[in-house]
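Inspection log for the structure reproduced underneath, given as structure tokens.
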Amino acid sequence: MMRYLMSRLWQSLVLLLLVSMIGFAVLNLAPGGPLSQYALTPGMTQEALDRIARQMGLDRPLPIQYLDWLWHLLQGDWGRSYRDSQPVLGIIGGHLFATLLLMGTSTALSIAIGTWIGIKGATKRYSIFDYTATVGAMVALSIPTFWFGLVAIYVFALKLKWLPAGNMYTIGDGSIGDYAIHLIMPSVVLALVNVAVWSRYMRTATLDVINQDFVRTARAKGLSQRRVLMKHVIGNALLPMITLAGLQLPTILGGALVTETVFTWPGMGRLFLDSLGYNDYPVIMGLLMFSAILVLIGNLCADLLVAFVDPRIRLG
Amino acid sequence: MSDDKQYSILNPTRRQALTMMMLASASGIVMPGLIGKDKAFAATPPEKPTGQLIIGFSQEPTVFNPHLLHIEVDEGIHFSIFDPLFGVDPDGKFFPQLAAEVPTVENGGISADGLTWKVKLRDGVKWHDGKPFTADDVKFTLELLVDENFRSWRRTGHDLVRDLTVVSPTEITWRMEKPFAPYPSILAATFIVPKHGFENEADKNTAAFNNAPVGTGPFKWVERVAGDHITLEANTDYFGDGPYLERVIYKYIPDLTVLYTQFKTGDIDVAGLQWITPDHYEEAKELEGKTVLVVPGSTVESFTFNMERPQFKDPAVRQALYHALDKATIIDALYYGLPAPTESYVPQQSFYFNADLPKHEFDLEKAKKLLDDAGWVPGGDGIRAKDGVRLSFSNSTTAGNHIREQVQQFVQQSFKDIGVEMTISNLPPAVMWGEYWMMSQFDSVVVGLDFLTGADPDTSDYFRSTSINAKGGAGQNNWQYASKEVDDLLTEGGQVFVPDERKKIYLKIQEVVRNDLPFLPMFQYATVRGYKTGVEGVNYNVNTRIDSWNVGSWYRTA
């Protein structure tokens with residue numbers, strides 16, 4: 001087990017290094033650069049831009065810039081944003097809470113509802129419920145979140161005035177109730193798509209298990225349908241879901257760009273897009289490394305968890 | 001109310017209507033910027049700061065040290081927290097802020113040759129942290145701007161300052177290396193920062209001050225929630241007018257449709273920078289409880305030539321293309337009729353605007369005749385040519401700017417009708433406005449530019465033949481325009497400090513540029529702005545880049 005862990009960690013480090021190299025190269029090779037947005041500032045000259053590039057060290061050869069960045073990273077210094085000169089880790093941390101709140105709520109919501117729909121659909125296959133769920137999932141998957149979000153705002157905020165049109169909290173309030181009210185619309189909009197995904201996966205997984213011999217045996221023993229489901233089917237059907245949840249970890253923490261934009265939610269997705277828009281290299285690299293680490297951790301955790309839940313799998 | 005296209009003030013309140021009628025008869029020009037100036041009709045501001053106001057921006061302010069490289073949205077925060085020595089009002093007049101009076105040649109603040117400056121400062125002003133403001137802070141600020149290790153956003157003008165001398169805590173003098181008439185306008189946009197804010201800072205670019213600024217302005221820094229909003233609170237010790245609001249919040253709303261939605265729902269009180277998109281104008285002006293106005297900006301849209309391309313060296317070609325440009329249709333059909341057509345690069349509200357320039361005429365026949373007479377004859381493919389040069393060129397702008405892309409397609413068609421071939425080659429913003437633009441690698445470009453330095457008419461950066469980056473110069477003369485006459489006029493204008501004298505020179509420059517046409521002036525932008533009715537004191541100022549330049553004077557009656 002220990003040896004397995006060590007080799008996995010070793011692989012991960014090499015992978016991270018590669019990711020950072022490629023990311024750094026691609027970012028810097030893209031034309032433009034962090035200073036091009038200032039070209040249209042009244043009174044700006046190429047000379048002034050060159051001088052600032054020199055001050056920021058952007059005129060050095062790319063490999064040197066990369067090694068410099070890596071050296072600082074190894075010492076725990078993720079660099080500072082070109083925009084507000086704040087430490088990158090602090091910036092990521094600042095946006096992480098908003099994203100965790102939104103994605104956590106919506107993922108919990110979608111897993112709970114999605115799993116339930118999936119199981120129900122599988123056990124009552126070809127029933128009206130199953131058809132409705134299937135069609136519903138198709139529709140939910142095809143609606144662009146942007147559009148759905150705007151319609152929700154139009155109906156619930158503008159017309160009915162039941163819910164706020166966006167934002168994470170009322171500035172100056174910030175009580176738990178205030179957060180909760182603001183959380184309803186974005187998390188439901190976001191969950192809609194994910195419920196569809198989860199219910200489809202869960203339905204397929206449950207169907208796989210239901211047709212297994214041991215389920216038939218359990219039924220033959222005279223166990224009630226309910227007991228068969230609870231004790232033999234669901235547990236097994238959930239196994240692939242764990243892997244799936246592990247793979248979703250980076251997505252969850254990566255934020256939901258569209259939902260965050262529509263509901264002015266200050267999360268990771270917005271941070272990523274804004275940083276890209278301003279060519280804020282240190283923050284983009286920070287986000288890249290952050291999500292690469294999450295992918296690796298998510299995979300590792302899922303593997304370990306599956307091994308833990310399913311005694312048939314042994315690692316090492 | 002008539003729906004005056006250029007300066008329409010829609011849904012005016014009674015007070016605004018009265019103010020407008022007065023002004024209309026007085027000057028003939030009605031600018032929404034003047035609303036609320038006449039205090040006689042105004043509701044009176046509260047005794048002490050009351051209530052809060054949320055201003056929505058579609059970009060996030062992130063740079064709070066006003067002298068670091070920044071974009072225009074950051075100036076919303078700068079104007080709230082800091083003061084310059086003197087500011088500039090919507091009429092282009094300077095008014096004293098941290099200076100006790102605006103230095104001029106008449107009052108002896110500036111010597112007649114423009115070389116010696118003496119500024120008397122306001123006494124008794126305190127920084128937000130309670131420390132007194134003195135001439136040392138002014139000295140520090142002017143030195144910071146030219147500090148070699150500081151990422152200064154503007155050194156122009158400041159790099160001419162020599163011998164900064166603190167005479168007393170309320171008086172500072174300096175000498176200019178050479179006379180530079182735009183300097184007052186530059187100073188009007190130079191916020192004074194406290195010397196003590198940077199003590200013991202090894203690197204001023206990353207000083208703690210930059211994220212917790214301390215100023216003298218109407219509002220004090222409270223907090224920033226990154227990616228979301230910035231909260232400021234009233235500075236009750238403010239020396240000037242106001243503040244009348246307890247709190248001002250600048251809220252970042254990254255999408256313009258969402259910005260407009262939150263304006264409708266009332267989540268934001270003021271639709272700030274990037275404002276309301278033109279396609280929402282018809283709906284917005286009917287909204288209940290909102291004041292929605294069309295406000296001219298200082299940006300002028302132009303069809304810009306690279307004058308070093310052989311196609312564009314012949315003035316007849318540039319004139320012909322101007323005749324083939326159907327401005328009216330472009331403005332009405334593509335820009336919802338909001339912008340005002342113009343012949344000059346100077347905003348029409350400016351003191352220096354030349355209103356007597358020849359009017360543009362859309363006439364394809366005239367265009368053809370001009371080209372015929374100049375010897376540009378159509379070849380076998382219908383495209384004109386002369387001495388082996390085909391009248392064919394590319395046109396570029398920011399890819400993804402849909403309205404501009406439609407303009408290009410429309411212009412392409414008109415040009416084709418007179419035997420000129422224009423291909424469209426658009427680039428993503430980072431590429432377009434990088435070396436491609438700065439080093440004049442384009443044939444022609446559609447671009448919106450702010451030519452003036454605040455209220456100052458100096459355009460040396462854009463028109464002087466030594467401002468061509470591609471030829472080793474420094475500036476923004478990316479059309480590579482070289483005119484001896486304009487060079488001389490710019491030099492002359494840069495040394496005259498009396499506004500009425502200067503005006504003559506700059507009227508002449510506009511005339512020469514209109515005649516030479518290094519770019520075809522299309523229109524002066526106008527944008528749809530809005531705020532909740534009951535917000536008073538909003539006074540749009542074409543000489544600043546941000547609506548909240550006078551937020552200290554804002555208050556609410558509802």
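Every chain in the structure tokens takes a letter, A first, then B, and so on in the order presented; its residues are numbered from 1, and the ligands are numbered from 1 following the presented order.
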Can you check which parts of chain B lie within 6 Å of chain A? Per residue, the shortest pair of atoms and distance in Å to one decimal, counting only C-alpha atoms, sorted by chain and number, as a tab-separated table.
```
residue	atom	partner	partner_atom	distance
B:Thr62	CA	A:Asp84	CA	5.0
B:Val63	CA	A:Asp84	CA	5.5
B:Arg151	CA	A:Ile52	CA	5.9
B:Thr206	CA	A:Ser85	CA	6.0
B:Gly227	CA	A:Pro266	CA	5.0
B:Asp228	CA	A:Pro266	CA	5.5
B:Ile253	CA	A:Thr264	CA	5.8
B:Thr265	CA	A:Leu158	CA	5.8
B:Ala430	CA	A:Gly32	CA	4.2
B:Val431	CA	A:Gly32	CA	4.8
B:Gly434	CA	A:Ser36	CA	5.1
B:Ala474	CA	A:Thr45	CA	5.5
B:Gly475	CA	A:Thr45	CA	4.5
```
Preceding selection exported with N, CA and C atoms as a PDB file, in the first residue's frame:
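Everything below was put into part-v4.pdb:
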```
ATOM      1  N   THR B  62      -9.055  47.117  -9.740  1.00  0.00           N
ATOM      2  CA  THR B  62      -8.078  46.325  -8.989  1.00  0.00           C
ATOM      3  C   THR B  62      -6.838  47.134  -8.632  1.00  0.00           C
ATOM      4  N   VAL B  63      -6.690  48.316  -9.225  1.00  0.00           N
ATOM      5  CA  VAL B  63      -5.482  49.103  -8.960  1.00  0.00           C
ATOM      6  C   VAL B  63      -5.891  50.364  -8.205  1.00  0.00           C
ATOM      7  N   ARG B 151       6.206  51.372 -11.487  1.00  0.00           N
ATOM      8  CA  ARG B 151       5.446  51.126 -12.722  1.00  0.00           C
ATOM      9  C   ARG B 151       4.459  52.253 -12.949  1.00  0.00           C
ATOM     10  N   THR B 206       4.464  47.112  -4.742  1.00  0.00           N
ATOM     11  CA  THR B 206       3.680  46.137  -3.986  1.00  0.00           C
ATOM     12  C   THR B 206       3.424  46.627  -2.561  1.00  0.00           C
ATOM     13  N   GLY B 227     -13.202  40.313  -6.649  1.00  0.00           N
ATOM     14  CA  GLY B 227     -14.125  39.715  -7.600  1.00  0.00           C
ATOM     15  C   GLY B 227     -15.566  40.119  -7.348  1.00  0.00           C
ATOM     16  N   ASP B 228     -15.826  40.940  -6.327  1.00  0.00           N
ATOM     17  CA  ASP B 228     -17.209  41.269  -6.022  1.00  0.00           C
ATOM     18  C   ASP B 228     -17.474  42.762  -5.835  1.00  0.00           C
ATOM     19  N   ILE B 253     -19.923  43.716 -11.876  1.00  0.00           N
ATOM     20  CA  ILE B 253     -20.892  42.837 -12.537  1.00  0.00           C
ATOM     21  C   ILE B 253     -20.346  42.527 -13.917  1.00  0.00           C
ATOM     22  N   THR B 265     -33.766  45.647 -11.643  1.00  0.00           N
ATOM     23  CA  THR B 265     -34.296  45.132 -10.381  1.00  0.00           C
ATOM     24  C   THR B 265     -33.986  46.071  -9.223  1.00  0.00           C
ATOM     25  N   ALA B 430      -5.630  41.317 -27.865  1.00  0.00           N
ATOM     26  CA  ALA B 430      -4.240  41.362 -27.417  1.00  0.00           C
ATOM     27  C   ALA B 430      -3.283  41.484 -28.600  1.00  0.00           C
ATOM     28  N   VAL B 431      -3.677  40.940 -29.751  1.00  0.00           N
ATOM     29  CA  VAL B 431      -2.816  41.017 -30.928  1.00  0.00           C
ATOM     30  C   VAL B 431      -3.042  42.340 -31.648  1.00  0.00           C
ATOM     31  N   GLY B 434      -1.506  45.291 -29.905  1.00  0.00           N
ATOM     32  CA  GLY B 434      -0.093  45.121 -29.576  1.00  0.00           C
ATOM     33  C   GLY B 434       0.747  45.790 -30.660  1.00  0.00           C
ATOM     34  N   ALA B 474       8.283  58.079 -30.148  1.00  0.00           N
ATOM     35  CA  ALA B 474       7.525  57.605 -29.002  1.00  0.00           C
ATOM     36  C   ALA B 474       6.189  58.314 -29.000  1.00  0.00           C
ATOM     37  N   GLY B 475       5.109  57.544 -29.077  1.00  0.00           N
ATOM     38  CA  GLY B 475       3.793  58.162 -29.070  1.00  0.00           C
ATOM     39  C   GLY B 475       2.763  57.214 -29.626  1.00  0.00           C
TER      40      GLY B 475
END
```
Checklist line | Those in range 284-323 of chain B with strand (DSSP E) from DSSP, as a ChimeraX atom specification | finding: /B:290-305
Now that the selection is made, can you save its residues with N, CA and C atoms as a PDB file, in the first residue's frame?
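The new file selection-v4.pdb reads:
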```
ATOM      1  N   LYS B 290     -36.427  55.287 -13.078  1.00  0.00           N
ATOM      2  CA  LYS B 290     -35.021  55.354 -13.493  1.00  0.00           C
ATOM      3  C   LYS B 290     -34.835  56.574 -14.388  1.00  0.00           C
ATOM      4  N   THR B 291     -33.717  57.200 -14.255  1.00  0.00           N
ATOM      5  CA  THR B 291     -33.356  58.284 -15.146  1.00  0.00           C
ATOM      6  C   THR B 291     -32.339  57.735 -16.135  1.00  0.00           C
ATOM      7  N   VAL B 292     -32.695  57.767 -17.410  1.00  0.00           N
ATOM      8  CA  VAL B 292     -31.811  57.199 -18.433  1.00  0.00           C
ATOM      9  C   VAL B 292     -31.487  58.278 -19.455  1.00  0.00           C
ATOM     10  N   LEU B 293     -30.202  58.482 -19.706  1.00  0.00           N
ATOM     11  CA  LEU B 293     -29.748  59.572 -20.562  1.00  0.00           C
ATOM     12  C   LEU B 293     -28.765  59.088 -21.611  1.00  0.00           C
ATOM     13  N   VAL B 294     -28.737  59.814 -22.733  1.00  0.00           N
ATOM     14  CA  VAL B 294     -27.692  59.564 -23.716  1.00  0.00           C
ATOM     15  C   VAL B 294     -26.604  60.609 -23.483  1.00  0.00           C
ATOM     16  N   VAL B 295     -25.414  60.158 -23.167  1.00  0.00           N
ATOM     17  CA  VAL B 295     -24.351  61.080 -22.774  1.00  0.00           C
ATOM     18  C   VAL B 295     -23.170  60.959 -23.729  1.00  0.00           C
ATOM     19  N   PRO B 296     -22.747  62.076 -24.323  1.00  0.00           N
ATOM     20  CA  PRO B 296     -21.584  62.009 -25.207  1.00  0.00           C
ATOM     21  C   PRO B 296     -20.313  61.690 -24.427  1.00  0.00           C
ATOM     22  N   GLY B 297     -19.482  60.866 -25.018  1.00  0.00           N
ATOM     23  CA  GLY B 297     -18.195  60.548 -24.399  1.00  0.00           C
ATOM     24  C   GLY B 297     -17.095  61.272 -25.149  1.00  0.00           C
ATOM     25  N   SER B 298     -15.858  61.075 -24.751  1.00  0.00           N
ATOM     26  CA  SER B 298     -14.776  61.793 -25.413  1.00  0.00           C
ATOM     27  C   SER B 298     -14.111  60.941 -26.491  1.00  0.00           C
ATOM     28  N   THR B 299     -14.594  59.713 -26.669  1.00  0.00           N
ATOM     29  CA  THR B 299     -13.977  58.828 -27.646  1.00  0.00           C
ATOM     30  C   THR B 299     -14.524  59.094 -29.045  1.00  0.00           C
ATOM     31  N   VAL B 300     -13.625  59.189 -30.006  1.00  0.00           N
ATOM     32  CA  VAL B 300     -14.025  59.427 -31.391  1.00  0.00           C
ATOM     33  C   VAL B 300     -13.674  58.196 -32.223  1.00  0.00           C
ATOM     34  N   GLU B 301     -14.666  57.714 -32.961  1.00  0.00           N
ATOM     35  CA  GLU B 301     -14.463  56.542 -33.805  1.00  0.00           C
ATOM     36  C   GLU B 301     -13.933  57.002 -35.160  1.00  0.00           C
ATOM     37  N   SER B 302     -12.903  56.309 -35.636  1.00  0.00           N
ATOM     38  CA  SER B 302     -12.339  56.739 -36.910  1.00  0.00           C
ATOM     39  C   SER B 302     -11.972  55.549 -37.778  1.00  0.00           C
ATOM     40  N   PHE B 303     -11.916  55.826 -39.057  1.00  0.00           N
ATOM     41  CA  PHE B 303     -11.402  54.867 -40.037  1.00  0.00           C
ATOM     42  C   PHE B 303      -9.989  55.347 -40.341  1.00  0.00           C
ATOM     43  N   THR B 304      -9.023  54.609 -39.824  1.00  0.00           N
ATOM     44  CA  THR B 304      -7.649  55.088 -39.774  1.00  0.00           C
ATOM     45  C   THR B 304      -6.777  54.485 -40.867  1.00  0.00           C
ATOM     46  N   PHE B 305      -5.979  55.330 -41.515  1.00  0.00           N
ATOM     47  CA  PHE B 305      -5.066  54.850 -42.563  1.00  0.00           C
ATOM     48  C   PHE B 305      -3.652  54.697 -42.048  1.00  0.00           C
TER      49      PHE B 305
END
```
Next item on the list: Please provide as a PyMOL selection string all residues within 6 Å of Ile81 in chain B, with the sequence filter that same-chain residues fewer than 2 positions apart are discarded (counting only C-alpha atoms).
Entry: chain B and resi 78-79+215+217+219-220
Margin query: Which residues are near range 336-353 of chain B? Cut-off 7 Å, only C-alpha atoms, ignore same chain within fewer than 2 positions. Put them as an NGL selection string.
Written below: :B and (5-6 or 92 or 278 or 298 or 300 or 331-334 or 355 or 357 or 359 or 451 or 457 or 503 or 506-507 or 510 or 514 or 521-526)
